[in-house]
$ cat work19.pdb   # PDB, N, CA and C atoms
ATOM      1  N   MET A   1       0.816  -1.196   0.000  1.00  0.00           N
ATOM      2  CA  MET A   1       0.000   0.000   0.000  1.00  0.00           C
ATOM      3  C   MET A   1       0.854   1.252   0.000  1.00  0.00           C
ATOM      4  N   THR A   2       1.918   1.268   0.789  1.00  0.00           N
ATOM      5  CA  THR A   2       2.764   2.461   0.827  1.00  0.00           C
ATOM      6  C   THR A   2       3.534   2.627  -0.474  1.00  0.00           C
ATOM      7  N   GLN A   3       3.752   1.545  -1.202  1.00  0.00           N
ATOM      8  CA  GLN A   3       4.463   1.644  -2.479  1.00  0.00           C
ATOM      9  C   GLN A   3       3.643   2.467  -3.476  1.00  0.00           C
ATOM     10  N   GLY A   4       2.318   2.295  -3.478  1.00  0.00           N
ATOM     11  CA  GLY A   4       1.453   3.071  -4.362  1.00  0.00           C
ATOM     12  C   GLY A   4       1.504   4.558  -4.040  1.00  0.00           C
ATOM     13  N   ILE A   5       1.569   4.890  -2.756  1.00  0.00           N
ATOM     14  CA  ILE A   5       1.638   6.294  -2.364  1.00  0.00           C
ATOM     15  C   ILE A   5       2.967   6.893  -2.807  1.00  0.00           C
ATOM     16  N   LYS A   6       4.058   6.170  -2.617  1.00  0.00           N
ATOM     17  CA  LYS A   6       5.359   6.665  -3.049  1.00  0.00           C
ATOM     18  C   LYS A   6       5.390   6.845  -4.565  1.00  0.00           C
ATOM     19  N   GLN A   7       4.760   5.929  -5.273  1.00  0.00           N
ATOM     20  CA  GLN A   7       4.756   6.015  -6.726  1.00  0.00           C
ATOM     21  C   GLN A   7       3.980   7.252  -7.195  1.00  0.00           C
ATOM     22  N   LYS A   8       2.859   7.574  -6.546  1.00  0.00           N
ATOM     23  CA  LYS A   8       2.073   8.747  -6.923  1.00  0.00           C
ATOM     24  C   LYS A   8       2.802  10.044  -6.601  1.00  0.00           C
ATOM     25  N   ASP A   9       3.705  10.017  -5.632  1.00  0.00           N
ATOM     26  CA  ASP A   9       4.454  11.216  -5.271  1.00  0.00           C
ATOM     27  C   ASP A   9       5.666  11.437  -6.163  1.00  0.00           C
ATOM     28  N   SER A  10       5.979  10.506  -7.023  1.00  0.00           N
ATOM     29  CA  SER A  10       7.178  10.660  -7.848  1.00  0.00           C
ATOM     30  C   SER A  10       6.932  11.639  -8.992  1.00  0.00           C
ATOM     31  N   PRO A  11       7.956  12.377  -9.383  1.00  0.00           N
ATOM     32  CA  PRO A  11       7.825  13.316 -10.507  1.00  0.00           C
ATOM     33  C   PRO A  11       7.469  12.614 -11.821  1.00  0.00           C
ATOM     34  N   LEU A  12       7.926  11.385 -11.981  1.00  0.00           N
ATOM     35  CA  LEU A  12       7.627  10.631 -13.198  1.00  0.00           C
ATOM     36  C   LEU A  12       6.127  10.362 -13.317  1.00  0.00           C
ATOM     37  N   PHE A  13       5.467  10.076 -12.195  1.00  0.00           N
ATOM     38  CA  PHE A  13       4.029   9.843 -12.209  1.00  0.00           C
ATOM     39  C   PHE A  13       3.291  11.091 -12.681  1.00  0.00           C
ATOM     40  N   TYR A  14       3.659  12.252 -12.148  1.00  0.00           N
ATOM     41  CA  TYR A  14       3.005  13.501 -12.539  1.00  0.00           C
ATOM     42  C   TYR A  14       3.309  13.855 -13.993  1.00  0.00           C
ATOM     43  N   PHE A  15       4.530  13.626 -14.425  1.00  0.00           N
ATOM     44  CA  PHE A  15       4.897  13.904 -15.812  1.00  0.00           C
ATOM     45  C   PHE A  15       4.109  13.021 -16.774  1.00  0.00           C
ATOM     46  N   SER A  16       3.996  11.731 -16.474  1.00  0.00           N
ATOM     47  CA  SER A  16       3.275  10.831 -17.373  1.00  0.00           C
ATOM     48  C   SER A  16       1.782  11.140 -17.383  1.00  0.00           C
ATOM     49  N   THR A  17       1.228  11.511 -16.232  1.00  0.00           N
ATOM     50  CA  THR A  17      -0.186  11.878 -16.166  1.00  0.00           C
ATOM     51  C   THR A  17      -0.448  13.151 -16.964  1.00  0.00           C
ATOM     52  N   LEU A  18       0.397  14.140 -16.807  1.00  0.00           N
ATOM     53  CA  LEU A  18       0.250  15.396 -17.537  1.00  0.00           C
ATOM     54  C   LEU A  18       0.425  15.176 -19.038  1.00  0.00           C
ATOM     55  N   SER A  19       1.405  14.396 -19.415  1.00  0.00           N
ATOM     56  CA  SER A  19       1.644  14.109 -20.836  1.00  0.00           C
ATOM     57  C   SER A  19       0.442  13.412 -21.466  1.00  0.00           C
ATOM     58  N   THR A  20      -0.110  12.446 -20.777  1.00  0.00           N
ATOM     59  CA  THR A  20      -1.271  11.717 -21.286  1.00  0.00           C
ATOM     60  C   THR A  20      -2.467  12.647 -21.431  1.00  0.00           C
ATOM     61  N   THR A  21      -2.696  13.480 -20.445  1.00  0.00           N
ATOM     62  CA  THR A  21      -3.815  14.423 -20.490  1.00  0.00           C
ATOM     63  C   THR A  21      -3.662  15.396 -21.650  1.00  0.00           C
ATOM     64  N   LEU A  22      -2.472  15.947 -21.834  1.00  0.00           N
ATOM     65  CA  LEU A  22      -2.240  16.877 -22.943  1.00  0.00           C
ATOM     66  C   LEU A  22      -2.405  16.191 -24.295  1.00  0.00           C
ATOM     67  N   PHE A  23      -1.935  14.960 -24.411  1.00  0.00           N
ATOM     68  CA  PHE A  23      -2.051  14.216 -25.665  1.00  0.00           C
ATOM     69  C   PHE A  23      -3.514  13.988 -26.029  1.00  0.00           C
ATOM     70  N   ILE A  24      -4.321  13.598 -25.065  1.00  0.00           N
ATOM     71  CA  ILE A  24      -5.750  13.373 -25.311  1.00  0.00           C
ATOM     72  C   ILE A  24      -6.426  14.693 -25.672  1.00  0.00           C
ATOM     73  N   GLY A  25      -6.056  15.769 -25.008  1.00  0.00           N
ATOM     74  CA  GLY A  25      -6.614  17.077 -25.328  1.00  0.00           C
ATOM     75  C   GLY A  25      -6.313  17.507 -26.748  1.00  0.00           C
ATOM     76  N   VAL A  26      -5.087  17.269 -27.193  1.00  0.00           N
ATOM     77  CA  VAL A  26      -4.705  17.615 -28.566  1.00  0.00           C
ATOM     78  C   VAL A  26      -5.500  16.780 -29.563  1.00  0.00           C
ATOM     79  N   LEU A  27      -5.682  15.515 -29.295  1.00  0.00           N
ATOM     80  CA  LEU A  27      -6.460  14.660 -30.192  1.00  0.00           C
ATOM     81  C   LEU A  27      -7.903  15.133 -30.293  1.00  0.00           C
ATOM     82  N   LEU A  28      -8.507  15.472 -29.176  1.00  0.00           N
ATOM     83  CA  LEU A  28      -9.901  15.916 -29.182  1.00  0.00           C
ATOM     84  C   LEU A  28     -10.042  17.275 -29.854  1.00  0.00           C
ATOM     85  N   THR A  29      -9.095  18.155 -29.682  1.00  0.00           N
ATOM     86  CA  THR A  29      -9.155  19.469 -30.305  1.00  0.00           C
ATOM     87  C   THR A  29      -9.070  19.356 -31.814  1.00  0.00           C
ATOM     88  N   GLY A  30      -8.278  18.456 -32.307  1.00  0.00           N
ATOM     89  CA  GLY A  30      -8.134  18.284 -33.749  1.00  0.00           C
ATOM     90  C   GLY A  30      -9.367  17.722 -34.418  1.00  0.00           C
ATOM     91  N   CYS A  31     -10.273  17.154 -33.668  1.00  0.00           N
ATOM     92  CA  CYS A  31     -11.461  16.541 -34.243  1.00  0.00           C
ATOM     93  C   CYS A  31     -12.682  17.442 -34.178  1.00  0.00           C
ATOM     94  N   GLY A  32     -12.523  18.677 -33.678  1.00  0.00           N
ATOM     95  CA  GLY A  32     -13.658  19.510 -33.341  1.00  0.00           C
ATOM     96  C   GLY A  32     -14.597  19.898 -34.438  1.00  0.00           C
ATOM     97  N   ASP A  33     -14.160  20.540 -35.490  1.00  0.00           N
ATOM     98  CA  ASP A  33     -15.100  21.176 -36.389  1.00  0.00           C
ATOM     99  C   ASP A  33     -14.981  20.682 -37.821  1.00  0.00           C
ATOM    100  N   SER A  34     -14.688  19.424 -38.032  1.00  0.00           N
ATOM    101  CA  SER A  34     -14.526  18.899 -39.383  1.00  0.00           C
ATOM    102  C   SER A  34     -15.837  18.901 -40.163  1.00  0.00           C
ATOM    103  N   LYS A  35     -16.975  18.815 -39.503  1.00  0.00           N
ATOM    104  CA  LYS A  35     -18.241  18.775 -40.234  1.00  0.00           C
ATOM    105  C   LYS A  35     -18.553  20.112 -40.896  1.00  0.00           C
ATOM    106  N   TYR A  36     -17.981  21.189 -40.422  1.00  0.00           N
ATOM    107  CA  TYR A  36     -18.235  22.497 -41.016  1.00  0.00           C
ATOM    108  C   TYR A  36     -17.417  22.722 -42.289  1.00  0.00           C
ATOM    109  N   LYS A  37     -16.347  22.003 -42.448  1.00  0.00           N
ATOM    110  CA  LYS A  37     -15.519  22.145 -43.650  1.00  0.00           C
ATOM    111  C   LYS A  37     -16.251  21.679 -44.900  1.00  0.00           C
ATOM    112  N   ASN A  38     -17.199  20.784 -44.752  1.00  0.00           N
ATOM    113  CA  ASN A  38     -17.935  20.243 -45.892  1.00  0.00           C
ATOM    114  C   ASN A  38     -19.184  21.044 -46.250  1.00  0.00           C
ATOM    115  N   LEU A  39     -19.507  22.060 -45.477  1.00  0.00           N
ATOM    116  CA  LEU A  39     -20.693  22.858 -45.757  1.00  0.00           C
ATOM    117  C   LEU A  39     -20.455  23.755 -46.970  1.00  0.00           C
ATOM    118  N   SER A  40     -21.502  23.965 -47.732  1.00  0.00           N
ATOM    119  CA  SER A  40     -21.398  24.912 -48.844  1.00  0.00           C
ATOM    120  C   SER A  40     -21.298  26.322 -48.269  1.00  0.00           C
ATOM    121  N   ASP A  41     -20.829  27.252 -49.078  1.00  0.00           N
ATOM    122  CA  ASP A  41     -20.724  28.637 -48.624  1.00  0.00           C
ATOM    123  C   ASP A  41     -22.080  29.196 -48.216  1.00  0.00           C
ATOM    124  N   ASP A  42     -23.121  28.839 -48.952  1.00  0.00           N
ATOM    125  CA  ASP A  42     -24.471  29.336 -48.644  1.00  0.00           C
ATOM    126  C   ASP A  42     -24.958  28.856 -47.281  1.00  0.00           C
ATOM    127  N   VAL A  43     -24.744  27.580 -46.998  1.00  0.00           N
ATOM    128  CA  VAL A  43     -25.193  27.015 -45.719  1.00  0.00           C
ATOM    129  C   VAL A  43     -24.370  27.613 -44.573  1.00  0.00           C
ATOM    130  N   LEU A  44     -23.072  27.752 -44.786  1.00  0.00           N
ATOM    131  CA  LEU A  44     -22.228  28.355 -43.753  1.00  0.00           C
ATOM    132  C   LEU A  44     -22.657  29.790 -43.496  1.00  0.00           C
ATOM    133  N   GLN A  45     -22.954  30.523 -44.556  1.00  0.00           N
ATOM    134  CA  GLN A  45     -23.407  31.901 -44.407  1.00  0.00           C
ATOM    135  C   GLN A  45     -24.720  31.965 -43.622  1.00  0.00           C
ATOM    136  N   GLU A  46     -25.614  31.040 -43.887  1.00  0.00           N
ATOM    137  CA  GLU A  46     -26.887  30.995 -43.161  1.00  0.00           C
ATOM    138  C   GLU A  46     -26.663  30.746 -41.672  1.00  0.00           C
ATOM    139  N   LYS A  47     -25.777  29.796 -41.348  1.00  0.00           N
ATOM    140  CA  LYS A  47     -25.467  29.503 -39.945  1.00  0.00           C
ATOM    141  C   LYS A  47     -24.801  30.705 -39.280  1.00  0.00           C
ATOM    142  N   PHE A  48     -23.912  31.367 -40.019  1.00  0.00           N
ATOM    143  CA  PHE A  48     -23.245  32.557 -39.500  1.00  0.00           C
ATOM    144  C   PHE A  48     -24.276  33.641 -39.172  1.00  0.00           C
ATOM    145  N   SER A  49     -25.213  33.864 -40.066  1.00  0.00           N
ATOM    146  CA  SER A  49     -26.243  34.884 -39.844  1.00  0.00           C
ATOM    147  C   SER A  49     -27.098  34.562 -38.629  1.00  0.00           C
ATOM    148  N   ARG A  50     -27.443  33.286 -38.462  1.00  0.00           N
ATOM    149  CA  ARG A  50     -28.223  32.879 -37.286  1.00  0.00           C
ATOM    150  C   ARG A  50     -27.454  33.157 -35.996  1.00  0.00           C
ATOM    151  N   CYS A  51     -26.155  32.864 -36.032  1.00  0.00           N
ATOM    152  CA  CYS A  51     -25.332  33.105 -34.839  1.00  0.00           C
ATOM    153  C   CYS A  51     -25.223  34.596 -34.546  1.00  0.00           C
ATOM    154  N   GLU A  52     -25.060  35.388 -35.586  1.00  0.00           N
ATOM    155  CA  GLU A  52     -24.946  36.834 -35.399  1.00  0.00           C
ATOM    156  C   GLU A  52     -26.222  37.431 -34.829  1.00  0.00           C
ATOM    157  N   ASN A  53     -27.360  36.888 -35.173  1.00  0.00           N
ATOM    158  CA  ASN A  53     -28.651  37.431 -34.740  1.00  0.00           C
ATOM    159  C   ASN A  53     -29.192  36.777 -33.474  1.00  0.00           C
ATOM    160  N   ALA A  54     -28.510  35.753 -32.980  1.00  0.00           N
ATOM    161  CA  ALA A  54     -28.983  35.020 -31.801  1.00  0.00           C
ATOM    162  C   ALA A  54     -28.749  35.832 -30.535  1.00  0.00           C
ATOM    163  N   SER A  55     -29.636  35.649 -29.592  1.00  0.00           N
ATOM    164  CA  SER A  55     -29.440  36.260 -28.276  1.00  0.00           C
ATOM    165  C   SER A  55     -29.656  35.196 -27.220  1.00  0.00           C
ATOM    166  N   GLY A  56     -28.833  35.219 -26.206  1.00  0.00           N
ATOM    167  CA  GLY A  56     -28.970  34.267 -25.115  1.00  0.00           C
ATOM    168  C   GLY A  56     -28.726  32.833 -25.532  1.00  0.00           C
ATOM    169  N   LEU A  57     -27.592  32.569 -26.164  1.00  0.00           N
ATOM    170  CA  LEU A  57     -27.274  31.214 -26.612  1.00  0.00           C
ATOM    171  C   LEU A  57     -27.036  30.276 -25.437  1.00  0.00           C
ATOM    172  N   SER A  58     -27.460  29.045 -25.606  1.00  0.00           N
ATOM    173  CA  SER A  58     -27.138  28.012 -24.629  1.00  0.00           C
ATOM    174  C   SER A  58     -25.644  27.695 -24.763  1.00  0.00           C
ATOM    175  N   PRO A  59     -25.064  26.993 -23.798  1.00  0.00           N
ATOM    176  CA  PRO A  59     -23.652  26.628 -23.939  1.00  0.00           C
ATOM    177  C   PRO A  59     -23.370  25.836 -25.225  1.00  0.00           C
ATOM    178  N   GLY A  60     -24.264  24.934 -25.575  1.00  0.00           N
ATOM    179  CA  GLY A  60     -24.086  24.166 -26.810  1.00  0.00           C
ATOM    180  C   GLY A  60     -24.187  25.046 -28.046  1.00  0.00           C
ATOM    181  N   GLY A  61     -25.140  25.986 -28.019  1.00  0.00           N
ATOM    182  CA  GLY A  61     -25.289  26.916 -29.131  1.00  0.00           C
ATOM    183  C   GLY A  61     -24.070  27.810 -29.284  1.00  0.00           C
ATOM    184  N   ALA A  62     -23.486  28.229 -28.167  1.00  0.00           N
ATOM    185  CA  ALA A  62     -22.284  29.057 -28.208  1.00  0.00           C
ATOM    186  C   ALA A  62     -21.114  28.296 -28.820  1.00  0.00           C
ATOM    187  N   ILE A  63     -21.006  27.018 -28.518  1.00  0.00           N
ATOM    188  CA  ILE A  63     -19.937  26.198 -29.092  1.00  0.00           C
ATOM    189  C   ILE A  63     -20.142  26.057 -30.594  1.00  0.00           C
ATOM    190  N   ILE A  64     -21.384  25.831 -31.012  1.00  0.00           N
ATOM    191  CA  ILE A  64     -21.688  25.716 -32.436  1.00  0.00           C
ATOM    192  C   ILE A  64     -21.318  27.010 -33.149  1.00  0.00           C
ATOM    193  N   CYS A  65     -21.720  28.136 -32.586  1.00  0.00           N
ATOM    194  CA  CYS A  65     -21.409  29.417 -33.224  1.00  0.00           C
ATOM    195  C   CYS A  65     -19.906  29.666 -33.253  1.00  0.00           C
ATOM    196  N   ASP A  66     -19.205  29.271 -32.210  1.00  0.00           N
ATOM    197  CA  ASP A  66     -17.744  29.420 -32.200  1.00  0.00           C
ATOM    198  C   ASP A  66     -17.124  28.609 -33.331  1.00  0.00           C
ATOM    199  N   ASN A  67     -17.630  27.402 -33.550  1.00  0.00           N
ATOM    200  CA  ASN A  67     -17.114  26.572 -34.644  1.00  0.00           C
ATOM    201  C   ASN A  67     -17.445  27.173 -36.011  1.00  0.00           C
ATOM    202  N   VAL A  68     -18.627  27.771 -36.136  1.00  0.00           N
ATOM    203  CA  VAL A  68     -19.001  28.429 -37.392  1.00  0.00           C
ATOM    204  C   VAL A  68     -18.067  29.604 -37.654  1.00  0.00           C
ATOM    205  N   TYR A  69     -17.805  30.416 -36.622  1.00  0.00           N
ATOM    206  CA  TYR A  69     -16.905  31.554 -36.781  1.00  0.00           C
ATOM    207  C   TYR A  69     -15.497  31.107 -37.174  1.00  0.00           C
ATOM    208  N   LYS A  70     -15.032  30.019 -36.561  1.00  0.00           N
ATOM    209  CA  LYS A  70     -13.701  29.498 -36.895  1.00  0.00           C
ATOM    210  C   LYS A  70     -13.643  29.046 -38.348  1.00  0.00           C
ATOM    211  N   GLU A  71     -14.696  28.373 -38.802  1.00  0.00           N
ATOM    212  CA  GLU A  71     -14.713  27.917 -40.195  1.00  0.00           C
ATOM    213  C   GLU A  71     -14.757  29.105 -41.148  1.00  0.00           C
ATOM    214  N   CYS A  72     -15.510  30.143 -40.800  1.00  0.00           N
ATOM    215  CA  CYS A  72     -15.541  31.352 -41.631  1.00  0.00           C
ATOM    216  C   CYS A  72     -14.145  31.964 -41.729  1.00  0.00           C
ATOM    217  N   ASP A  73     -13.447  32.042 -40.606  1.00  0.00           N
ATOM    218  CA  ASP A  73     -12.086  32.580 -40.611  1.00  0.00           C
ATOM    219  C   ASP A  73     -11.139  31.710 -41.419  1.00  0.00           C
ATOM    220  N   ASP A  74     -11.245  30.387 -41.251  1.00  0.00           N
ATOM    221  CA  ASP A  74     -10.377  29.474 -42.004  1.00  0.00           C
ATOM    222  C   ASP A  74     -10.596  29.608 -43.507  1.00  0.00           C
ATOM    223  N   ARG A  75     -11.853  29.698 -43.919  1.00  0.00           N
ATOM    224  CA  ARG A  75     -12.139  29.850 -45.352  1.00  0.00           C
ATOM    225  C   ARG A  75     -11.628  31.174 -45.875  1.00  0.00           C
ATOM    226  N   ALA A  76     -11.751  32.219 -45.085  1.00  0.00           N
ATOM    227  CA  ALA A  76     -11.263  33.527 -45.505  1.00  0.00           C
ATOM    228  C   ALA A  76      -9.746  33.495 -45.692  1.00  0.00           C
ATOM    229  N   LYS A  77      -9.043  32.798 -44.820  1.00  0.00           N
ATOM    230  CA  LYS A  77      -7.589  32.685 -44.943  1.00  0.00           C
ATOM    231  C   LYS A  77      -7.210  31.833 -46.151  1.00  0.00           C
ATOM    232  N   ARG A  78      -7.949  30.746 -46.380  1.00  0.00           N
ATOM    233  CA  ARG A  78      -7.628  29.851 -47.496  1.00  0.00           C
ATOM    234  C   ARG A  78      -7.915  30.489 -48.852  1.00  0.00           C
ATOM    235  N   THR A  79      -9.024  31.192 -48.955  1.00  0.00           N
ATOM    236  CA  THR A  79      -9.461  31.714 -50.253  1.00  0.00           C
ATOM    237  C   THR A  79      -9.078  33.170 -50.478  1.00  0.00           C
ATOM    238  N   LYS A  80      -8.535  33.808 -49.426  1.00  0.00           N
ATOM    239  CA  LYS A  80      -8.143  35.225 -49.505  1.00  0.00           C
ATOM    240  C   LYS A  80      -9.326  36.137 -49.779  1.00  0.00           C
ATOM    241  N   ARG A  81     -10.513  35.690 -49.413  1.00  0.00           N
ATOM    242  CA  ARG A  81     -11.707  36.552 -49.516  1.00  0.00           C
ATOM    243  C   ARG A  81     -12.604  36.240 -48.330  1.00  0.00           C
ATOM    244  N   ARG A  82     -13.462  37.157 -48.036  1.00  0.00           N
ATOM    245  CA  ARG A  82     -14.362  37.018 -46.894  1.00  0.00           C
ATOM    246  C   ARG A  82     -15.405  35.933 -47.168  1.00  0.00           C
ATOM    247  N   ALA A  83     -15.476  34.954 -46.291  1.00  0.00           N
ATOM    248  CA  ALA A  83     -16.400  33.844 -46.491  1.00  0.00           C
ATOM    249  C   ALA A  83     -17.773  34.121 -45.883  1.00  0.00           C
ATOM    250  N   CYS A  84     -17.805  34.855 -44.796  1.00  0.00           N
ATOM    251  CA  CYS A  84     -19.060  35.138 -44.103  1.00  0.00           C
ATOM    252  C   CYS A  84     -19.146  36.645 -43.848  1.00  0.00           C
ATOM    253  N   TYR A  85     -20.344  37.166 -43.930  1.00  0.00           N
ATOM    254  CA  TYR A  85     -20.530  38.611 -43.710  1.00  0.00           C
ATOM    255  C   TYR A  85     -21.869  38.880 -43.080  1.00  0.00           C
TER     256      TYR A  85
END
$ encode --input "work19.pdb" --output "structure tokens"
Amino acid sequence: MTQGIKQKDSPLFYFSTLSTTLFIGVLLTGCGDSKYKNLSDDVLQEKFSRCENASGLSPGGAIICDNVYKECDDRAKRTKRRACY
């Protein structure tokens, strides 16, 4: 029993736990908004307009709008023109 406590107090335990947590976070972040990349410009523009006109978004709605805004920015950078207005 005391061996487990000593092991948890070691710097290696904290380093491996932190490394694993960061790795999983990076994997999840990379998977976030891929469904928006396949949207047509018209559909993305419609979603953008809804987000701009929304008031009192739920936490889920705020995340959706954040992803829409990110996709608009990404398209603007890729195409060198404004994707959403």
$ residues_around --input "work19.pdb" --residues "region 77-84 of chain A" --least-positions-apart "6" --cutoff "7 Å" --atoms "all atoms listed in the file" --output "list of chain:residue names"
A:Asp41, A:Leu44, A:Gln45, A:Phe48
$ atom_distance --input "work19.pdb" --atom1 "CA of Ala76 (chain A)" --atom2 "CA of Gly56 (chain A)"
27.0 Å
$ atom_distance --input "work19.pdb" --atom1 "atom N of Asn67 (chain A)" --atom2 "atom C of Ser55 (chain A)"
15.7 Å
$ closest_residue --input "work19.pdb" --among "A:Ser40, A:Asn53, A:Tyr85, A:Lys47" --to "Cys65 (chain A)" --atoms "only C-alpha atoms"
A:Lys47
$ atom_distance --input "work19.pdb" --atom1 "CA of Ala62 (chain A)" --atom2 "CA of Val43 (chain A)"
17.9 Å
$ resolve_selection --input "work19.pdb" --expression "the PyMOL selection byres (((chain A and resi 36 and name CA) around 10) and name CA)" --output "ChimeraX atom specification"
/A:32-35,37-40,43-44,64,67-68,70-72
$ write_last_selection --input "work19.pdb" --atoms "N, CA and C atoms" --output "compact mmCIF listing (two decimals), in the frame of the given file"
# COMPACT_ATOMS: atom_id res chain seq x y z
N GLY A 32 -12.52 18.68 -33.68
CA GLY A 32 -13.66 19.51 -33.34
C GLY A 32 -14.60 19.90 -34.44
N ASP A 33 -14.16 20.54 -35.49
CA ASP A 33 -15.10 21.18 -36.39
C ASP A 33 -14.98 20.68 -37.82
N SER A 34 -14.69 19.42 -38.03
CA SER A 34 -14.53 18.90 -39.38
C SER A 34 -15.84 18.90 -40.16
N LYS A 35 -16.98 18.82 -39.50
CA LYS A 35 -18.24 18.77 -40.23
C LYS A 35 -18.55 20.11 -40.90
N LYS A 37 -16.35 22.00 -42.45
CA LYS A 37 -15.52 22.14 -43.65
C LYS A 37 -16.25 21.68 -44.90
N ASN A 38 -17.20 20.78 -44.75
CA ASN A 38 -17.93 20.24 -45.89
C ASN A 38 -19.18 21.04 -46.25
N LEU A 39 -19.51 22.06 -45.48
CA LEU A 39 -20.69 22.86 -45.76
C LEU A 39 -20.45 23.76 -46.97
N SER A 40 -21.50 23.96 -47.73
CA SER A 40 -21.40 24.91 -48.84
C SER A 40 -21.30 26.32 -48.27
N VAL A 43 -24.74 27.58 -47.00
CA VAL A 43 -25.19 27.02 -45.72
C VAL A 43 -24.37 27.61 -44.57
N LEU A 44 -23.07 27.75 -44.79
CA LEU A 44 -22.23 28.36 -43.75
C LEU A 44 -22.66 29.79 -43.50
N ILE A 64 -21.38 25.83 -31.01
CA ILE A 64 -21.69 25.72 -32.44
C ILE A 64 -21.32 27.01 -33.15
N ASN A 67 -17.63 27.40 -33.55
CA ASN A 67 -17.11 26.57 -34.64
C ASN A 67 -17.44 27.17 -36.01
N VAL A 68 -18.63 27.77 -36.14
CA VAL A 68 -19.00 28.43 -37.39
C VAL A 68 -18.07 29.60 -37.65
N LYS A 70 -15.03 30.02 -36.56
CA LYS A 70 -13.70 29.50 -36.90
C LYS A 70 -13.64 29.05 -38.35
N GLU A 71 -14.70 28.37 -38.80
CA GLU A 71 -14.71 27.92 -40.20
C GLU A 71 -14.76 29.10 -41.15
N CYS A 72 -15.51 30.14 -40.80
CA CYS A 72 -15.54 31.35 -41.63
C CYS A 72 -14.14 31.96 -41.73
